[in-house]
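For reference, model.cif is printed below; it contains mmCIF, C-alpha atoms.
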```
data_final
loop_
_atom_site.label_atom_id
_atom_site.label_comp_id
_atom_site.auth_asym_id
_atom_site.auth_seq_id
_atom_site.Cartn_x
_atom_site.Cartn_y
_atom_site.Cartn_z
CA MET H 1 49.14 72.36 -27.93
CA ALA H 2 50.87 69.31 -29.31
CA LEU H 3 52.63 67.23 -26.74
CA GLU H 4 56.21 66.73 -27.64
CA ILE H 5 58.47 64.28 -25.86
CA ALA H 6 62.17 64.49 -26.50
CA GLY H 7 64.89 62.27 -25.18
CA ASN H 8 66.50 58.95 -25.63
CA ILE H 9 64.62 55.67 -25.97
CA ALA H 10 67.47 53.90 -24.15
CA ILE H 11 66.07 55.37 -20.92
CA LEU H 12 62.78 53.57 -21.63
CA GLY H 13 64.74 50.37 -22.12
CA TYR H 14 66.42 50.94 -18.80
CA GLY H 15 63.03 51.22 -17.15
CA LEU H 16 62.09 47.80 -18.55
CA ALA H 17 65.44 46.34 -17.56
CA ALA H 18 64.97 47.49 -13.97
CA ILE H 19 61.78 45.43 -13.50
CA GLY H 20 63.60 42.13 -13.04
CA PRO H 21 66.13 43.28 -10.43
CA GLY H 22 63.31 45.17 -8.70
CA VAL H 23 61.31 41.97 -8.28
CA GLY H 24 64.48 40.13 -7.25
CA VAL H 25 65.40 42.61 -4.53
CA GLY H 26 61.83 42.50 -3.29
CA LEU H 27 61.95 38.70 -3.04
CA ILE H 28 65.24 38.84 -1.10
CA PHE H 29 63.91 41.18 1.57
CA ALA H 30 60.57 39.36 1.71
CA ALA H 31 62.53 36.22 2.56
CA VAL H 32 64.49 38.11 5.24
CA ILE H 33 61.28 39.42 6.83
CA ASN H 34 59.80 35.91 6.77
CA GLY H 35 62.92 34.39 8.24
CA THR H 36 63.15 37.02 10.96
CA ALA H 37 59.50 36.54 11.88
CA ARG H 38 60.02 32.80 12.24
CA GLN H 39 63.35 32.99 14.02
CA PRO H 40 64.07 36.46 15.45
CA GLU H 41 67.50 35.49 16.83
CA ALA H 42 68.75 34.76 13.28
CA GLN H 43 68.14 38.35 12.19
CA SER H 44 71.73 39.60 12.05
CA LYS H 45 72.92 36.54 10.16
CA LEU H 46 70.04 36.76 7.68
CA GLN H 47 70.67 40.44 7.13
CA SER H 48 74.33 40.05 6.24
CA ILE H 49 73.43 37.33 3.72
CA ALA H 50 70.64 39.53 2.38
CA TRP H 51 73.01 42.42 1.65
CA ILE H 52 75.24 40.15 -0.39
CA GLY H 53 72.23 38.87 -2.32
CA PHE H 54 71.06 42.44 -2.75
CA GLY H 55 74.42 43.43 -4.21
CA VAL H 56 74.44 40.52 -6.64
CA THR H 57 70.86 41.18 -7.81
CA GLU H 58 71.16 44.93 -7.98
CA VAL H 59 74.12 44.76 -10.35
CA LEU H 60 71.69 43.78 -13.15
CA ALA H 61 69.90 47.11 -12.83
CA ILE H 62 73.26 48.84 -12.53
CA ILE H 63 74.53 47.27 -15.77
CA GLY H 64 71.32 48.62 -17.31
CA ILE H 65 72.27 52.17 -16.28
CA ALA H 66 75.73 51.78 -17.73
CA LEU H 67 74.34 50.41 -21.02
CA ALA H 68 71.72 53.17 -21.23
CA PHE H 69 74.62 55.61 -21.37
CA VAL H 70 76.68 53.43 -23.72
CA PHE H 71 73.92 53.01 -26.34
CA ARG H 72 72.87 56.65 -26.50
CA MET V 1 50.11 81.47 -21.31
CA ILE V 2 52.35 83.76 -19.41
CA ALA V 3 55.50 84.68 -21.23
CA GLY V 4 58.15 84.06 -18.62
CA VAL V 5 61.92 84.17 -18.57
CA SER V 6 61.79 80.57 -19.73
CA THR V 7 65.16 79.19 -20.77
CA GLU V 8 66.04 75.69 -21.87
CA PHE V 9 66.59 73.22 -19.02
CA THR V 10 69.65 71.03 -19.48
CA PRO V 11 69.50 67.97 -17.25
CA PRO V 12 72.79 66.85 -15.65
CA GLY V 13 74.55 64.09 -17.59
CA PRO V 14 77.91 62.36 -17.80
CA GLU V 15 79.51 65.69 -18.70
CA SER V 16 78.64 66.98 -15.20
CA PHE V 17 81.38 64.69 -13.93
CA GLN V 18 84.12 66.24 -16.05
CA LEU V 19 85.56 68.69 -13.56
CA PRO V 20 88.36 71.10 -14.49
CA PRO V 21 91.73 70.71 -12.75
CA ILE V 22 91.95 72.62 -9.46
CA ILE V 23 95.19 74.37 -10.42
CA ASP V 24 95.66 75.41 -14.06
CA GLY V 25 98.44 73.48 -15.76
CA VAL V 26 98.32 70.50 -13.39
CA PRO V 27 95.88 68.27 -15.29
CA TRP V 28 96.06 65.28 -12.94
CA LEU V 29 95.03 67.21 -9.82
CA THR V 30 91.25 67.05 -10.07
CA LYS V 31 88.66 66.91 -7.34
CA PRO V 32 88.54 63.10 -6.98
CA VAL V 33 92.32 62.95 -6.63
CA LEU V 34 92.22 65.60 -3.92
CA VAL V 35 89.36 63.82 -2.12
CA ALA V 36 91.24 60.52 -2.23
CA PHE V 37 94.37 62.14 -0.76
CA LEU V 38 92.30 63.81 1.97
CA SER V 39 90.56 60.53 2.82
CA VAL V 40 93.90 58.75 3.19
CA ILE V 41 95.12 61.50 5.53
CA VAL V 42 91.94 61.27 7.63
CA ILE V 43 92.12 57.46 7.84
CA VAL V 44 95.80 57.48 8.85
CA TRP V 45 95.16 60.21 11.42
CA PHE V 46 92.17 58.34 12.84
CA PHE V 47 93.75 54.90 13.20
CA TYR V 48 97.14 56.26 14.28
CA GLY V 49 95.46 58.39 16.93
CA ALA V 50 93.28 55.48 18.03
CA SER V 51 96.16 53.03 18.41
CA ARG V 52 98.99 55.33 19.57
CA LYS V 53 98.20 55.23 23.27
CA SER V 54 96.71 51.79 23.73
CA ALA V 55 95.34 51.48 27.24
CA VAL V 56 93.39 48.82 29.10
CA VAL V 57 90.75 51.45 29.82
CA PRO V 58 90.36 52.91 26.33
CA SER V 59 89.92 56.57 25.54
CA LYS V 60 86.97 57.60 23.39
CA LEU V 61 89.11 57.69 20.24
CA GLN V 62 90.66 54.30 20.96
CA PHE V 63 87.24 52.82 21.64
CA THR V 64 85.86 54.14 18.34
CA GLY V 65 88.89 52.86 16.47
CA GLU V 66 88.55 49.41 18.00
CA LEU V 67 84.86 49.34 17.22
CA ALA V 68 85.53 50.20 13.56
CA TYR V 69 88.36 47.68 13.25
CA ASN V 70 86.40 44.93 15.02
CA PHE V 71 83.48 45.44 12.64
CA VAL V 72 85.64 44.67 9.61
CA ARG V 73 87.61 41.95 11.36
CA ASN V 74 84.75 40.00 12.90
CA SER V 75 81.63 40.57 10.87
CA ILE V 76 83.27 40.82 7.42
CA ALA V 77 86.59 38.95 7.37
CA ARG V 78 86.01 36.17 9.90
CA ASP V 79 82.48 35.34 8.75
CA ALA V 80 83.40 35.20 5.07
CA ILE V 81 86.90 33.68 5.11
CA GLY V 82 86.66 31.42 8.16
CA SER V 83 88.44 31.58 11.49
CA GLN V 84 91.55 29.69 10.29
CA GLU V 85 93.13 32.09 7.81
CA TYR V 86 91.24 35.35 8.00
CA MET V 87 93.87 37.42 9.86
CA LYS V 88 96.14 37.62 6.79
CA TYR V 89 93.49 39.50 4.82
CA VAL V 90 92.20 41.84 7.54
CA PRO V 91 94.69 44.68 6.74
CA TYR V 92 93.65 44.76 3.09
CA LEU V 93 89.93 44.49 3.82
CA CYS V 94 90.09 47.07 6.61
CA GLY V 95 92.01 49.58 4.49
CA LEU V 96 89.74 48.99 1.50
CA PHE V 97 86.58 49.38 3.55
CA PHE V 98 87.50 52.68 5.17
CA PHE V 99 88.98 54.10 1.98
CA MET V 100 85.75 53.31 0.13
CA LEU V 101 83.50 54.44 2.96
CA LEU V 102 85.17 57.84 3.16
CA ASN V 103 85.40 58.34 -0.58
CA ASN V 104 81.75 57.38 -1.04
CA LEU V 105 80.57 59.55 1.83
CA ALA V 106 82.49 62.43 0.26
CA GLY V 107 79.49 62.55 -2.08
CA SER V 108 77.37 63.68 0.87
CA ILE V 109 79.80 65.86 2.84
CA PRO V 110 78.94 69.53 2.24
CA LEU V 111 81.47 71.53 0.18
CA ILE V 112 83.08 68.33 -1.16
CA GLN V 113 80.04 66.51 -2.54
CA PHE V 114 81.78 64.40 -5.09
CA PRO V 115 82.05 60.62 -4.71
CA THR V 116 85.49 59.62 -5.95
CA PHE V 117 84.25 56.31 -7.33
CA SER V 118 81.81 58.03 -9.69
CA HIS V 119 84.83 58.17 -11.98
CA ALA V 120 84.97 54.64 -13.37
CA GLY V 121 88.78 54.38 -13.31
CA TRP V 122 88.93 54.35 -9.53
CA ALA V 123 86.40 51.53 -9.36
CA TYR V 124 88.24 49.53 -12.04
CA VAL V 125 91.50 49.71 -10.10
CA ALA V 126 89.84 48.68 -6.84
CA ALA V 127 88.11 45.72 -8.51
CA VAL V 128 91.26 44.58 -10.35
CA MET V 129 93.19 44.73 -7.06
CA SER V 130 90.65 42.43 -5.39
CA TRP V 131 90.59 40.17 -8.46
CA VAL V 132 94.39 39.76 -8.45
CA ILE V 133 94.42 39.05 -4.72
CA TYR V 134 91.74 36.36 -4.69
CA ASN V 135 93.14 34.60 -7.74
CA ALA V 136 96.70 34.81 -6.41
CA VAL V 137 95.86 33.33 -3.01
CA GLY V 138 93.79 30.63 -4.71
CA ILE V 139 96.63 29.68 -7.08
CA LYS V 140 99.12 29.77 -4.20
CA LYS V 141 96.96 27.43 -2.17
CA HIS V 142 95.81 24.91 -4.82
CA GLY V 143 98.36 25.37 -7.60
CA ALA V 144 97.39 26.70 -11.04
CA TRP V 145 95.62 23.55 -12.29
CA GLY V 146 94.15 22.76 -8.90
CA TYR V 147 92.76 26.28 -8.62
CA PHE V 148 91.27 26.09 -12.11
CA LYS V 149 89.60 22.81 -11.16
CA HIS V 150 88.48 24.28 -7.85
CA GLN V 151 86.79 27.28 -9.49
CA THR V 152 85.31 25.61 -12.56
CA MET V 153 84.40 22.04 -11.59
CA PRO V 154 81.97 21.94 -8.69
CA ALA V 155 82.05 18.69 -6.74
CA GLY V 156 79.25 16.24 -7.45
CA VAL V 157 78.58 17.30 -11.04
CA PRO V 158 78.57 14.32 -13.44
CA GLY V 159 81.35 14.20 -16.04
CA TRP V 160 79.18 14.59 -19.13
CA LEU V 161 78.00 18.00 -17.86
CA MET V 162 81.56 19.32 -17.60
CA PRO V 163 81.79 20.78 -21.16
CA LEU V 164 78.79 22.96 -20.22
CA MET V 165 79.86 23.60 -16.63
CA ILE V 166 83.46 24.68 -17.17
CA PRO V 167 82.81 27.66 -19.50
CA ILE V 168 79.88 28.89 -17.41
CA GLU V 169 81.77 28.67 -14.13
CA PHE V 170 84.91 30.14 -15.67
CA ILE V 171 83.03 33.13 -17.06
CA SER V 172 81.07 33.74 -13.87
CA ASN V 173 83.90 33.15 -11.38
CA ILE V 174 86.89 34.60 -13.21
CA LEU V 175 85.74 36.97 -15.95
CA VAL V 176 82.52 38.60 -14.75
CA ARG V 177 83.44 39.12 -11.09
CA PRO V 178 85.81 42.09 -11.57
CA ILE V 179 83.38 43.69 -14.04
CA SER V 180 80.40 43.36 -11.73
CA LEU V 181 82.41 44.51 -8.69
CA SER V 182 83.60 47.68 -10.38
CA LEU V 183 80.36 48.47 -12.24
CA ARG V 184 78.27 48.07 -9.10
CA LEU V 185 80.35 50.57 -7.16
CA PHE V 186 80.88 53.01 -10.02
CA ALA V 187 77.30 53.06 -11.28
CA ASN V 188 75.80 53.40 -7.82
CA MET V 189 77.91 56.46 -7.10
CA PHE V 190 77.36 57.83 -10.61
CA ALA V 191 73.61 57.31 -10.58
CA GLY V 192 73.23 58.65 -7.05
CA HIS V 193 75.08 61.85 -7.84
CA LEU V 194 73.10 62.24 -11.06
CA LEU V 195 69.78 61.67 -9.28
CA LEU V 196 70.61 64.29 -6.69
CA GLY V 197 71.56 66.67 -9.48
CA VAL V 198 68.28 66.06 -11.31
CA PHE V 199 66.18 66.78 -8.23
CA VAL V 200 68.09 69.85 -7.04
CA LEU V 201 68.75 71.45 -10.43
CA GLY V 202 65.28 70.54 -11.69
CA GLY V 203 63.67 72.05 -8.58
CA GLU V 204 65.77 75.17 -8.93
CA TYR V 205 64.81 75.50 -12.61
CA LEU V 206 61.10 75.05 -11.91
CA VAL V 207 61.08 77.58 -9.06
CA PHE V 208 63.22 80.36 -10.50
CA GLU V 209 63.39 79.96 -14.26
CA SER V 210 60.20 78.30 -15.54
CA GLY V 211 58.22 81.52 -14.97
CA LYS V 212 54.94 79.77 -14.10
CA VAL V 213 53.34 79.81 -10.66
CA PHE V 214 52.13 76.21 -10.74
CA TYR V 215 55.55 74.94 -11.82
CA ALA V 216 57.15 76.89 -8.97
CA GLY V 217 54.92 75.06 -6.48
CA VAL V 218 55.89 71.70 -7.97
CA GLY V 219 59.51 72.83 -7.96
CA ILE V 220 59.47 73.38 -4.20
CA VAL V 221 58.22 69.81 -3.70
CA THR V 222 60.91 68.55 -6.10
CA PHE V 223 63.59 70.45 -4.23
CA LEU V 224 62.42 69.02 -0.89
CA MET V 225 62.46 65.51 -2.41
CA GLY V 226 66.15 66.18 -3.01
CA PHE V 227 66.68 66.15 0.76
CA ALA V 228 65.08 62.70 1.01
CA ILE V 229 67.26 61.50 -1.87
CA ALA V 230 70.33 62.87 -0.10
CA GLY V 231 69.42 60.82 2.97
CA LEU V 232 68.97 57.71 0.79
CA GLU V 233 72.35 58.43 -0.80
CA VAL V 234 74.17 58.35 2.55
CA PHE V 235 72.67 54.91 3.12
CA VAL V 236 73.55 53.67 -0.38
CA GLN V 237 77.12 54.96 -0.11
CA ALA V 238 77.71 53.12 3.16
CA ILE V 239 76.05 49.94 1.85
CA GLN V 240 78.12 49.94 -1.35
CA ALA V 241 81.40 50.17 0.55
CA TYR V 242 80.20 47.30 2.75
CA ILE V 243 79.06 45.14 -0.20
CA PHE V 244 82.32 45.63 -2.10
CA VAL V 245 84.41 44.52 0.88
CA VAL V 246 82.08 41.65 1.83
CA LEU V 247 82.17 40.32 -1.73
CA THR V 248 85.96 40.62 -1.84
CA ALA V 249 86.14 38.63 1.39
CA GLN V 250 83.69 36.07 -0.01
CA TYR V 251 85.75 35.63 -3.16
CA ILE V 252 88.94 35.18 -1.12
CA GLY V 253 87.10 32.74 1.14
CA SER V 254 85.81 30.66 -1.77
CA ALA V 255 89.21 30.69 -3.50
CA ILE V 256 91.04 29.23 -0.50
CA SER V 257 88.31 26.90 0.78
CA GLU V 258 89.16 23.20 0.80
CA GLU V 259 86.00 21.84 -0.79
CA HIS V 260 82.62 23.30 -1.63
#
```
Show me the file's structure as structure tokens.
Amino acid sequence: MALEIAGNIAILGYGLAAIGPGVGVGLIFAAVINGTARQPEAQSKLQSIAWIGFGVTEVLAIIGIALAFVFR
Amino acid sequence: MIAGVSTEFTPPGPESFQLPPIIDGVPWLTKPVLVAFLSVIVIVWFFYGASRKSAVVPSKLQFTGELAYNFVRNSIARDAIGSQEYMKYVPYLCGLFFFMLLNNLAGSIPLIQFPTFSHAGWAYVAAVMSWVIYNAVGIKKHGAWGYFKHQTMPAGVPGWLMPLMIPIEFISNILVRPISLSLRLFANMFAGHLLLGVFVLGGEYLVFESGKVFYAGVGIVTFLMGFAIAGLEVFVQAIQAYIFVVLTAQYIGSAISEEH
């Protein structure tokens, strides 16, 4: 039986585009874990900064989703 | 191969978001509009009820209301804008936060299950509103030229770098901010709803319509994964409301700050 894959190659492009933000979000939370381990009382402050950084980084992946639908 | 009742599986796509009007002949009254109206009613009821009988020893409702209000006031507005001028912006930020929180969580409330902001127009309006406010307060504080200088010429950058610096800072601070604000909210809600649809509809298709025993077993796992995704979605919806309001507060704070 021949394997047949149907679909849009833009989705593949989205997968590639999501690598960068994925690494970025990982780095942000790695830094938060490090910071919390070194200075536990700074946790709440670090976390609120981390969510802002998360939002700014994640938007790159999100733009990828939007473009995957635009370029179909 | 077993000949089953196999039919073509159509994955959910952007067309899944095109809902028909609730009443025929009233084209503007769609589900998101209804959800937005309901959320406003719930918010007004909640805060009116919480603040109507203010007492020194608070009732449960008053306590919850104060907790919710204090969260926005202290940990969003005061931290981002600074303790001098934050009170002016608390009403906007508080209203925005609870409107977004309820409309996002509508994507997880049974029987409603449609996040209002998965229609891009709602997100555009919310982002443009924040954009107008932070630019307006910045221009009011520094004057038009002063505000332009404030946003595009960071202190301590040598003069010969300015031709490079001004366009970059202008694009990132003035042009891209409303786009990224609205796209972040819209696409998170859109993608979350789509993901949930893929898992639930895909699981249903594999179990009942693929007509193969092995696929049915996989389908049950897929369907159960949908529950985990639904839990993740509740988290994402709350976080996105928070991020939108925190970033709005940050932008206001940076627009009215004295120096960098």
Would you translate the PyMOL selection byres ((chain V and resi 41-52) around 6) into the concrete set of residues it matches in this file, as a PyMOL selection string?
-> chain V and resi 38-40+53-54+61-62+65
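Atom CA of V:Val200 to atom CA of V:Val236 spans 18.3 Å [interatomic distance, one decimal].
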Near chain V, meaning an atom within 9 Å, which residues of chain H appear when counting all atoms listed in the file? Write them as a PDB file with C-alpha atoms, in the frame of the given file.
```
ATOM      1  CA  SER H  48      74.330  40.050   6.240  1.00  0.00           C
ATOM      2  CA  TRP H  51      73.010  42.420   1.650  1.00  0.00           C
ATOM      3  CA  ILE H  52      75.240  40.150  -0.390  1.00  0.00           C
ATOM      4  CA  PHE H  54      71.060  42.440  -2.750  1.00  0.00           C
ATOM      5  CA  GLY H  55      74.420  43.430  -4.210  1.00  0.00           C
ATOM      6  CA  VAL H  56      74.440  40.520  -6.640  1.00  0.00           C
ATOM      7  CA  GLU H  58      71.160  44.930  -7.980  1.00  0.00           C
ATOM      8  CA  VAL H  59      74.120  44.760 -10.350  1.00  0.00           C
ATOM      9  CA  LEU H  60      71.690  43.780 -13.150  1.00  0.00           C
ATOM     10  CA  ILE H  62      73.260  48.840 -12.530  1.00  0.00           C
ATOM     11  CA  ILE H  63      74.530  47.270 -15.770  1.00  0.00           C
ATOM     12  CA  ILE H  65      72.270  52.170 -16.280  1.00  0.00           C
ATOM     13  CA  ALA H  66      75.730  51.780 -17.730  1.00  0.00           C
ATOM     14  CA  PHE H  69      74.620  55.610 -21.370  1.00  0.00           C
TER      15      PHE H  69
END
```
List, as an mmCIF file with C-alpha atoms, keeping the file's coordinate frame, every residue that the PyMOL selection byres ((chain V and resi 128) around 12) selects in the file provided.
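So the final result, stored in selection-v8.cif, reads:
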```cif
data_model
loop_
_atom_site.group_PDB
_atom_site.id
_atom_site.type_symbol
_atom_site.label_atom_id
_atom_site.label_comp_id
_atom_site.auth_asym_id
_atom_site.auth_seq_id
_atom_site.Cartn_x
_atom_site.Cartn_y
_atom_site.Cartn_z
ATOM 1 C CA GLY V 121 88.780 54.380 -13.310
ATOM 2 C CA TRP V 122 88.930 54.350 -9.530
ATOM 3 C CA ALA V 123 86.400 51.530 -9.360
ATOM 4 C CA TYR V 124 88.240 49.530 -12.040
ATOM 5 C CA VAL V 125 91.500 49.710 -10.100
ATOM 6 C CA ALA V 126 89.840 48.680 -6.840
ATOM 7 C CA ALA V 127 88.110 45.720 -8.510
ATOM 8 C CA MET V 129 93.190 44.730 -7.060
ATOM 9 C CA SER V 130 90.650 42.430 -5.390
ATOM 10 C CA TRP V 131 90.590 40.170 -8.460
ATOM 11 C CA VAL V 132 94.390 39.760 -8.450
ATOM 12 C CA ILE V 133 94.420 39.050 -4.720
ATOM 13 C CA TYR V 134 91.740 36.360 -4.690
ATOM 14 C CA ASN V 135 93.140 34.600 -7.740
ATOM 15 C CA ALA V 136 96.700 34.810 -6.410
ATOM 16 C CA ILE V 174 86.890 34.600 -13.210
ATOM 17 C CA LEU V 175 85.740 36.970 -15.950
ATOM 18 C CA VAL V 176 82.520 38.600 -14.750
ATOM 19 C CA ARG V 177 83.440 39.120 -11.090
ATOM 20 C CA PRO V 178 85.810 42.090 -11.570
ATOM 21 C CA ILE V 179 83.380 43.690 -14.040
ATOM 22 C CA SER V 180 80.400 43.360 -11.730
ATOM 23 C CA LEU V 181 82.410 44.510 -8.690
ATOM 24 C CA SER V 182 83.600 47.680 -10.380
ATOM 25 C CA LEU V 183 80.360 48.470 -12.240
ATOM 26 C CA THR V 248 85.960 40.620 -1.840
#
```
Could you expand the PyMOL selection byres ((chain H and resi 8-10) around 9) into the explicit residues it covers here, written as a PyMOL selection string?
-> chain H and resi 6-7+11-15+67-69+71-72
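Take the candidates V:Val234, V:Leu201, V:Leu105, V:Met87 and check each one against V:Arg73 using all atoms listed in the file; the shortest distance goes to V:Met87.
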Between atom CA of V:Ala80 and atom CA of V:Gly253 lies a distance of 5.9 Å
Could you please determine the separation between atom CA of V:Leu102 and atom CA of V:Ala255 in Å, to one decimal place?
-> 28.2 Å
Shell of 12 Å around stretch 31-37 of chain H, all atoms listed in the file, local chain residues under 2 positions omitted, as a ChimeraX atom specification | /H:24-29,39-51,53-54
Any chance you can output those residues with C-alpha atoms as a PDB file, keeping the file's coordinate frame?
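The result, written out as again-v1.pdb:
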```pdb
ATOM      1  CA  GLY H  24      64.480  40.130  -7.250  1.00  0.00           C
ATOM      2  CA  VAL H  25      65.400  42.610  -4.530  1.00  0.00           C
ATOM      3  CA  GLY H  26      61.830  42.500  -3.290  1.00  0.00           C
ATOM      4  CA  LEU H  27      61.950  38.700  -3.040  1.00  0.00           C
ATOM      5  CA  ILE H  28      65.240  38.840  -1.100  1.00  0.00           C
ATOM      6  CA  PHE H  29      63.910  41.180   1.570  1.00  0.00           C
ATOM      7  CA  GLN H  39      63.350  32.990  14.020  1.00  0.00           C
ATOM      8  CA  PRO H  40      64.070  36.460  15.450  1.00  0.00           C
ATOM      9  CA  GLU H  41      67.500  35.490  16.830  1.00  0.00           C
ATOM     10  CA  ALA H  42      68.750  34.760  13.280  1.00  0.00           C
ATOM     11  CA  GLN H  43      68.140  38.350  12.190  1.00  0.00           C
ATOM     12  CA  SER H  44      71.730  39.600  12.050  1.00  0.00           C
ATOM     13  CA  LYS H  45      72.920  36.540  10.160  1.00  0.00           C
ATOM     14  CA  LEU H  46      70.040  36.760   7.680  1.00  0.00           C
ATOM     15  CA  GLN H  47      70.670  40.440   7.130  1.00  0.00           C
ATOM     16  CA  SER H  48      74.330  40.050   6.240  1.00  0.00           C
ATOM     17  CA  ILE H  49      73.430  37.330   3.720  1.00  0.00           C
ATOM     18  CA  ALA H  50      70.640  39.530   2.380  1.00  0.00           C
ATOM     19  CA  TRP H  51      73.010  42.420   1.650  1.00  0.00           C
ATOM     20  CA  GLY H  53      72.230  38.870  -2.320  1.00  0.00           C
ATOM     21  CA  PHE H  54      71.060  42.440  -2.750  1.00  0.00           C
TER      22      PHE H  54
END
```
